[in-house]
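File shown: start_24.txt. Contents: compact mmCIF, C-alpha atoms and all ligand atoms.
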```txt
# COMPACT_ATOMS: atom_id res chain seq x y z
CA MET X 225 61.44 126.06 116.35
CA SER X 226 64.00 128.87 116.68
CA SER X 227 63.25 131.41 119.41
CA ALA X 228 63.31 134.26 116.86
CA ILE X 229 60.53 132.57 114.86
CA ALA X 230 58.60 131.72 118.04
CA ALA X 231 58.80 135.41 119.02
CA MET X 232 57.13 136.38 115.72
CA GLN X 233 53.99 134.34 116.46
CA ARG X 234 52.32 136.92 118.72
CA PRO X 235 52.82 139.97 116.43
CA ILE X 236 51.68 137.87 113.44
CA GLN X 237 48.47 136.85 115.25
CA LEU X 238 47.77 140.44 116.36
CA LEU X 239 48.32 141.88 112.86
CA SER X 240 46.29 139.11 111.20
CA VAL X 241 43.29 139.46 113.54
CA GLY X 242 43.56 143.28 113.57
CA CYS X 243 43.50 143.55 109.75
CA CYS X 244 40.53 141.15 109.46
CA VAL X 245 38.51 142.92 112.17
CA THR X 246 39.20 146.35 110.64
CA MET X 247 38.13 145.16 107.18
CA ALA X 248 35.00 143.53 108.65
CA LEU X 249 34.08 146.78 110.46
CA ALA X 250 34.59 148.70 107.20
CA MET X 251 32.63 146.33 104.96
CA LEU X 252 29.85 144.81 107.09
CA PRO X 253 27.54 147.90 106.92
CA SER X 254 27.46 147.76 103.11
CA ALA X 255 27.24 143.95 103.18
CA TYR X 256 24.08 144.28 105.35
CA GLN X 257 22.69 146.75 102.83
CA GLY X 258 22.94 143.97 100.24
CA THR X 259 25.98 145.17 98.27
CA LEU X 260 27.65 142.20 96.58
CA PHE X 261 30.96 144.11 96.22
CA ALA X 262 31.39 144.32 100.04
CA TRP X 263 31.97 140.55 100.21
CA HIS X 264 34.99 140.82 97.87
CA PRO X 265 37.47 142.61 100.19
CA LEU X 266 35.83 141.06 103.26
CA MET X 267 36.17 137.43 102.18
CA LEU X 268 39.61 137.90 100.59
CA SER X 269 40.97 139.55 103.73
CA LEU X 270 39.54 136.73 105.84
CA GLY X 271 40.92 134.14 103.41
CA PHE X 272 44.45 135.51 102.95
CA LEU X 273 45.12 137.57 106.08
CA GLY X 274 43.07 135.42 108.46
CA PHE X 275 42.90 131.71 107.67
CA MET X 276 45.89 131.47 105.29
CA THR X 277 48.17 133.21 107.80
CA GLU X 278 47.05 130.90 110.62
CA GLY X 279 47.29 127.84 108.34
CA ILE X 280 50.86 128.70 107.31
CA MET X 281 51.85 129.28 110.96
CA ALA X 282 50.28 125.90 111.84
CA ALA X 283 52.44 124.35 109.08
CA VAL X 284 55.56 126.11 110.36
CA ARG X 285 54.85 124.80 113.88
CA PHE X 286 54.51 121.16 112.76
CA ARG X 287 57.83 121.08 110.88
CA PRO X 288 59.87 119.61 113.79
CA ASN X 289 57.15 117.01 114.61
CA GLU X 290 57.36 113.34 113.62
CA GLY X 291 54.92 110.41 113.60
CA THR X 292 51.23 110.63 114.55
CA THR X 293 51.59 114.13 116.06
CA ARG X 294 52.74 115.33 112.62
CA VAL X 295 49.81 113.62 110.85
CA ALA X 296 47.33 115.27 113.26
CA ALA X 297 49.05 118.64 112.82
CA ILE X 298 48.99 118.37 109.00
CA THR X 299 45.27 117.49 109.18
CA ASN X 300 44.70 120.61 111.28
CA HIS X 301 46.74 122.68 108.77
CA ALA X 302 44.72 121.22 105.86
CA LEU X 303 41.37 122.05 107.52
CA ILE X 304 42.38 125.66 108.24
CA GLN X 305 43.61 126.03 104.64
CA CYS X 306 40.33 124.56 103.31
CA ALA X 307 38.51 127.35 105.19
CA SER X 308 40.92 129.83 103.58
CA THR X 309 40.23 128.41 100.10
CA VAL X 310 36.44 128.65 100.63
CA CYS X 311 36.77 132.35 101.66
CA VAL X 312 39.05 133.13 98.69
CA CYS X 313 36.59 131.47 96.25
CA LEU X 314 33.63 133.37 97.74
CA GLY X 315 35.57 136.64 97.52
CA PHE X 316 36.47 135.99 93.90
CA TYR X 317 32.89 135.00 93.05
CA ALA X 318 31.56 138.21 94.67
CA ILE X 319 33.59 140.51 92.39
CA TYR X 320 33.11 138.38 89.29
CA ALA X 321 29.33 138.22 89.71
CA ASN X 322 29.17 141.91 90.69
CA LYS X 323 30.96 142.88 87.46
CA ASN X 324 28.58 140.71 85.43
CA LEU X 325 25.59 142.40 87.15
CA ASN X 326 26.96 145.83 86.23
CA GLY X 327 27.97 144.77 82.71
CA LYS X 328 31.66 145.63 83.35
CA PRO X 329 34.59 143.89 81.57
CA HIS X 330 36.79 141.47 83.52
CA PHE X 331 40.49 141.60 84.51
CA ARG X 332 41.30 145.01 83.00
CA SER X 333 43.03 146.74 85.95
CA LEU X 334 46.47 145.86 87.36
CA HIS X 335 44.72 144.81 90.58
CA GLY X 336 42.40 142.51 88.62
CA LYS X 337 45.32 140.88 86.75
CA VAL X 338 47.59 140.42 89.80
CA GLY X 339 44.53 139.25 91.77
CA LEU X 340 43.72 136.65 89.12
CA VAL X 341 47.25 135.18 89.33
CA ALA X 342 47.06 135.20 93.16
CA PHE X 343 43.68 133.44 92.95
CA ALA X 344 45.05 130.76 90.58
CA LEU X 345 48.03 130.13 92.92
CA ALA X 346 45.70 130.05 95.94
CA LEU X 347 43.81 127.20 94.20
CA ALA X 348 46.99 125.35 93.12
CA SER X 349 48.34 125.48 96.67
CA PRO X 350 45.71 123.27 98.41
CA ALA X 351 45.69 120.92 95.39
CA LEU X 352 49.47 120.42 95.77
CA GLY X 353 48.99 120.14 99.55
CA ALA X 354 46.47 117.31 99.08
CA LEU X 355 48.93 115.61 96.70
CA SER X 356 51.73 115.97 99.31
CA PHE X 357 49.80 114.45 102.23
CA ARG X 358 50.65 110.73 102.45
CA ARG X 359 47.55 110.07 104.56
CA LEU X 360 45.41 110.79 101.48
CA GLY X 361 47.34 108.16 99.51
CA LEU X 362 47.93 110.30 96.41
CA ILE X 363 51.67 110.99 96.65
CA GLN X 364 52.44 107.24 96.75
CA LYS X 365 51.21 107.01 93.14
CA PHE X 366 54.18 109.15 92.01
CA PRO X 367 57.81 107.97 91.67
CA ASP X 368 59.84 108.21 94.91
CA SER X 369 62.22 110.74 93.37
CA TRP X 370 59.33 113.15 92.61
CA GLN X 371 57.90 113.20 96.12
CA PRO X 372 60.26 115.71 97.82
CA ARG X 373 59.92 117.94 94.75
CA MET X 374 56.10 117.90 95.02
CA LYS X 375 56.24 118.88 98.69
CA TRP X 376 58.72 121.63 97.87
CA LEU X 377 56.41 122.88 95.10
CA HIS X 378 53.51 122.98 97.58
CA ARG X 379 55.57 125.11 99.97
CA LEU X 380 56.84 127.39 97.20
CA ILE X 381 53.47 127.94 95.44
CA SER X 382 51.84 128.54 98.83
CA ALA X 383 54.35 131.26 99.69
CA TYR X 384 53.91 132.95 96.29
CA ALA X 385 50.10 132.80 96.60
CA TYR X 386 50.29 134.44 100.01
CA VAL X 387 52.70 137.21 99.01
CA LEU X 388 50.89 137.95 95.73
CA GLY X 389 47.53 138.08 97.56
CA MET X 390 49.04 140.75 99.83
CA VAL X 391 50.40 142.71 96.88
CA ALA X 392 47.01 142.47 95.11
CA MET X 393 45.12 143.85 98.08
CA GLN X 394 47.34 146.94 98.26
CA LEU X 395 46.66 147.94 94.66
CA PRO X 396 43.00 149.14 94.71
CA LEU X 397 43.43 151.11 97.97
CA PRO X 398 42.47 153.76 98.98
CA HIS X 399 38.97 153.02 97.65
CA HIS X 400 35.87 155.09 98.54
CA ALA X 401 33.75 151.98 99.14
CA VAL X 402 36.39 150.29 101.33
CA LEU X 403 38.95 152.36 103.25
CA THR X 404 40.29 155.91 102.81
CA GLY X 405 42.48 158.38 104.71
CA LEU X 406 44.40 157.44 107.85
CA ALA X 407 42.46 154.23 108.42
CA CYS X 408 43.48 153.06 104.97
CA LEU X 409 47.15 153.97 105.51
CA ALA X 410 47.18 152.17 108.87
CA TRP X 411 45.57 149.06 107.33
CA GLN X 412 48.03 149.02 104.44
CA ALA X 413 50.99 149.46 106.81
CA ALA X 414 49.71 146.61 108.98
CA VAL X 415 49.40 144.32 105.92
CA ILE X 416 52.98 145.20 104.88
CA ALA X 417 54.22 144.52 108.44
CA LEU X 418 52.38 141.18 108.46
CA GLY X 419 53.91 140.26 105.09
CA GLY X 420 57.39 141.16 106.38
CA CYS X 421 56.97 139.02 109.53
CA MET X 422 55.69 136.08 107.47
CA LEU X 423 58.58 136.30 104.98
CA TYR X 424 61.00 136.32 107.90
CA VAL X 425 59.35 133.16 109.26
CA LEU X 426 59.26 131.42 105.86
CA ARG X 427 62.95 132.15 105.23
CA GLY X 428 63.97 131.28 108.81
CA ARG X 429 65.50 127.95 109.75
CA ILE X 430 63.58 125.42 111.84
CA SER X 431 65.32 122.20 112.88
CA GLY X 432 68.19 123.12 110.56
CA ARG X 433 65.96 123.63 107.49
CA SER X 434 64.36 126.79 106.12
CA VAL X 435 60.65 126.49 105.30
CA LEU X 436 61.09 128.30 102.02
CA PRO X 437 64.21 127.06 100.27
CA ALA X 438 65.72 129.21 97.55
CA SER X 439 66.04 126.20 95.23
CA ALA X 440 64.76 122.62 94.88
CA SER X 441 68.02 121.21 96.26
CA GLY X 442 69.87 121.46 99.55
CA PRO X 443 69.09 120.43 103.12
CA SER X 444 65.75 122.25 103.28
CA PHE X 445 64.39 120.29 100.31
CA ALA X 446 63.69 117.03 102.10
CA THR X 447 61.07 116.46 104.83
CA PRO X 448 60.17 113.20 106.65
CA LYS X 449 59.26 110.72 103.89
CA SER X 450 57.02 108.59 106.06
CA LEU X 451 54.43 111.39 106.21
C1 LIG T 501 41.38 144.99 100.43
C2 LIG T 501 41.25 144.08 99.57
C3 LIG T 501 40.67 144.28 98.18
C4 LIG T 501 39.95 145.32 97.65
C5 LIG T 501 39.54 146.61 98.32
C6 LIG T 501 39.63 144.97 96.30
C7 LIG T 501 38.92 145.76 95.43
C8 LIG T 501 38.61 145.43 94.13
C9 LIG T 501 37.89 146.28 93.20
C10 LIG T 501 37.41 147.68 93.52
C11 LIG T 501 37.78 145.60 92.04
C12 LIG T 501 37.07 146.09 90.77
C13 LIG T 501 37.96 146.89 89.92
C14 LIG T 501 39.03 146.08 89.26
O1 LIG T 501 38.74 145.15 88.48
O2 LIG T 501 40.19 146.37 89.52
C15 LIG T 501 38.43 144.32 92.21
C16 LIG T 501 38.56 143.36 91.24
C17 LIG T 501 39.27 142.19 91.38
N1 LIG T 501 39.92 141.74 92.53
FE1 LIG T 501 40.04 142.73 94.25
N2 LIG T 501 40.17 143.74 96.02
C18 LIG T 501 40.81 143.28 97.15
C19 LIG T 501 41.52 142.10 97.34
C20 LIG T 501 41.73 141.20 96.33
C21 LIG T 501 42.59 140.03 96.44
C22 LIG T 501 43.39 139.61 97.67
C23 LIG T 501 42.53 139.37 95.25
C24 LIG T 501 43.26 138.11 94.93
C25 LIG T 501 42.75 136.94 95.00
C26 LIG T 501 41.63 140.12 94.38
C27 LIG T 501 41.26 139.76 93.11
C28 LIG T 501 40.52 140.53 92.24
C29 LIG T 501 40.24 140.17 90.87
C30 LIG T 501 40.73 138.92 90.14
C31 LIG T 501 39.46 141.21 90.33
C32 LIG T 501 38.93 141.31 88.91
C33 LIG T 501 37.62 140.57 88.78
C34 LIG T 501 37.03 140.70 87.39
O3 LIG T 501 37.51 141.52 86.61
O4 LIG T 501 36.08 139.96 87.13
N3 LIG T 501 41.17 141.23 95.07
N4 LIG T 501 38.93 144.24 93.49
C1 LIG T 502 46.00 127.62 100.62
C2 LIG T 502 46.29 126.44 101.06
C3 LIG T 502 47.61 126.03 101.69
C4 LIG T 502 48.72 126.77 102.02
C5 LIG T 502 48.94 128.28 101.82
C6 LIG T 502 49.69 125.85 102.59
C7 LIG T 502 50.95 126.20 103.05
C8 LIG T 502 51.92 125.33 103.51
C9 LIG T 502 53.26 125.68 103.92
C10 LIG T 502 53.84 127.09 103.94
C11 LIG T 502 53.89 124.54 104.26
C12 LIG T 502 55.35 124.44 104.70
C13 LIG T 502 55.49 124.14 106.14
C14 LIG T 502 56.85 123.62 106.44
O1 LIG T 502 57.46 122.93 105.63
O2 LIG T 502 57.30 123.94 107.54
C15 LIG T 502 52.95 123.45 104.09
C16 LIG T 502 53.24 122.12 104.34
C17 LIG T 502 52.37 121.11 104.11
N1 LIG T 502 51.05 121.20 103.73
FE1 LIG T 502 50.11 122.88 103.17
N2 LIG T 502 49.14 124.59 102.61
C18 LIG T 502 47.87 124.66 102.09
C19 LIG T 502 46.96 123.63 101.96
C20 LIG T 502 47.21 122.31 102.27
C21 LIG T 502 46.26 121.24 102.16
C22 LIG T 502 44.80 121.41 101.72
C23 LIG T 502 46.93 120.09 102.53
C24 LIG T 502 46.44 118.68 102.61
C25 LIG T 502 45.28 118.21 102.22
C26 LIG T 502 48.28 120.46 102.87
C27 LIG T 502 49.27 119.57 103.26
C28 LIG T 502 50.55 119.92 103.60
C29 LIG T 502 51.59 118.96 103.90
C30 LIG T 502 51.45 117.44 103.84
C31 LIG T 502 52.73 119.69 104.22
C32 LIG T 502 54.11 119.15 104.59
C33 LIG T 502 54.91 119.12 103.31
C34 LIG T 502 56.34 118.85 103.61
O3 LIG T 502 56.62 117.88 104.30
O4 LIG T 502 57.17 119.64 103.15
N3 LIG T 502 48.43 121.83 102.71
N4 LIG T 502 51.77 123.95 103.64
```

Show how you would write the structure in this file as structure tokens.
Ligand code: HEM
Ligand code: HEM
Amino acid sequence: MSSAIAAMQRPIQLLSVGCCVTMALAMLPSAYQGTLFAWHPLMLSLGFLGFMTEGIMAAVRFRPNEGTTRVAAITNHALIQCASTVCVCLGFYAIYANKNLNGKPHFRSLHGKVGLVAFALALASPALGALSFRRLGLIQKFPDSWQPRMKWLHRLISAYAYVLGMVAMQLPLPHHAVLTGLACLAWQAAVIALGGCMLYVLRGRISGRSVLPASASGPSFATPKSL
């Protein structure tokens, strides 16, 4: 891994944990009071900013690995991302059920629409990941020529899901039931900084290949076929 990308790991971890802890401190009081809405920002922050960030960094770290170390690292990546998917689903369910309880219409605001697309991509991403993992035996059912393209699609959809999730969470803020004032501004700035660091990492080159290629061809397209 390049030293510039390695140097980003610490700030990424600090921003990721800091944003999750701040959102938890903001939302847990109303969650304890039994408000269903509180679980929406809480679980989505944990899902996108917490687990998904760590899962992507775990994936970035395993890129130079080969053989059994790579299989173990991909399994670790998959488990972290499963936790992220569970949080994202719970967060989505919380707002959907809350709107039904209050008799409100669905997906009317810009945040709701962007959030819905981010949610769909966040579901497609682990599905494509499971298809890409040779250990699960699914990718072998597809023609050889499709396999690098499927892995590339997993990487690309994952990056879009992550970035769109971050855009979605900026749109409803400041919100009186979540964060307002300076705390809100600081949280939003931290999310933007985290997004910037992650984009830098995803576009950076590791072992001669960038994680997020601009197109489906070129040296960054292929990854070890045996795994
Ligand atoms: C700080 C984080 C977040 C806050 C404070 C927040 C807040 C809200 C609020 C107040 C609503 C109800 C009003 C509306 O429909 O616009 C809502 C709805 C919605 N949010 Fe979020 N949200 C956050 C993060 C996210 C993320 C990351 C996603 C993406 C997966 C998302 C997806 C949605 C969707 C799809 C709806 C519409 C649900 C429906 O209409 O049934 N939200 N959110
Ligand atoms: C929200 C869920 C997920 C996200 C955001 C995500 C993200 C990523 C990213 C960014 C990479 C690229 C790493 C790199 O090439 O350096 C990657 C690779 C990979 N992920 Fe995931 N992942 C998710 C879920 C999963 C799951 C559930 C599995 C397996 C069951 C999985 C299996 C893989 C595999 C096999 C690779 C290597 C693909 C290749 O060789 O290019 N992922 N993932």

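Taking CA of Met276 in chain X and atom C19 of ligand LIG 502 (chain T) as endpoints, the distance between them is 8.6 Å.
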
Distance query Met232 in chain X at most 8 Å, only C-alpha atoms, self and fewer than 3 positions along chain excluded, as a VMD selection string: chain X and resid 228 to 229 235 to 236 421 425

Let's have the selection written as a PDB file, keeping the file's coordinate frame, with C-alpha atoms.
```
ATOM      1  CA  ALA X 228      63.310 134.260 116.860  1.00  0.00           C
ATOM      2  CA  ILE X 229      60.530 132.570 114.860  1.00  0.00           C
ATOM      3  CA  PRO X 235      52.820 139.970 116.430  1.00  0.00           C
ATOM      4  CA  ILE X 236      51.680 137.870 113.440  1.00  0.00           C
ATOM      5  CA  CYS X 421      56.970 139.020 109.530  1.00  0.00           C
ATOM      6  CA  VAL X 425      59.350 133.160 109.260  1.00  0.00           C
TER       7      VAL X 425
END
```

Expected answer as a PyMOL selection string: residues within 8 Å of ligand LIG 502 (chain T), all atoms listed in the file: chain X and resi 276-277+279-287+298-299+301-303+305-306+308-309+346-358+360+372+375-376+378-383+385-386+426+430+434-436+445-449+451

Best match for closeness to ligand LIG 501 (chain T) among X:Leu418, X:Ile363, X:Met374, X:Ala262, counting only C-alpha atoms and all ligand atoms: X:Ala262

Of the listed residues X:Leu238, X:Leu273, X:Ala392, X:Ala307, that which approaches ligand LIG 501 (chain T) most closely, counting only C-alpha atoms and all ligand atoms: X:Ala392

As JSON, please: the centre and edge lengths in Å, to one decimal, of an axis-aligned box enclosing every listed atom of ligand LIG 501 (chain T) with 3 Å added on each side.
```
{"center_x": 39.7, "center_y": 142.3, "center_z": 93.5, "size_x": 13.3, "size_y": 16.7, "size_z": 19.8}
```

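The gap separating CA of Leu397 in chain X from CA of Tyr424 in chain X is 25.0 Å, in Å to one decimal.
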
Two-atom distance - CA of Pro253 in chain X, CA of Ala401 in chain X (Å):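 So the answer is 10.8 Å.
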
Site check for ligand LIG 501 (chain T): residues at most 7 Å away, only C-alpha atoms and all ligand atoms, as an MDAnalysis selection string: chainID X and resid 264:265 268:269 272 312 316 319:320 323 329:337 339:340 342:343 389:390 392:394 396:397 399 402

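The smallest atom-to-atom distance between Leu325 in chain X and any of X:Leu260, X:Ala417, X:Ala296, X:Trp370, using all atoms listed in the file, is found for X:Leu260.
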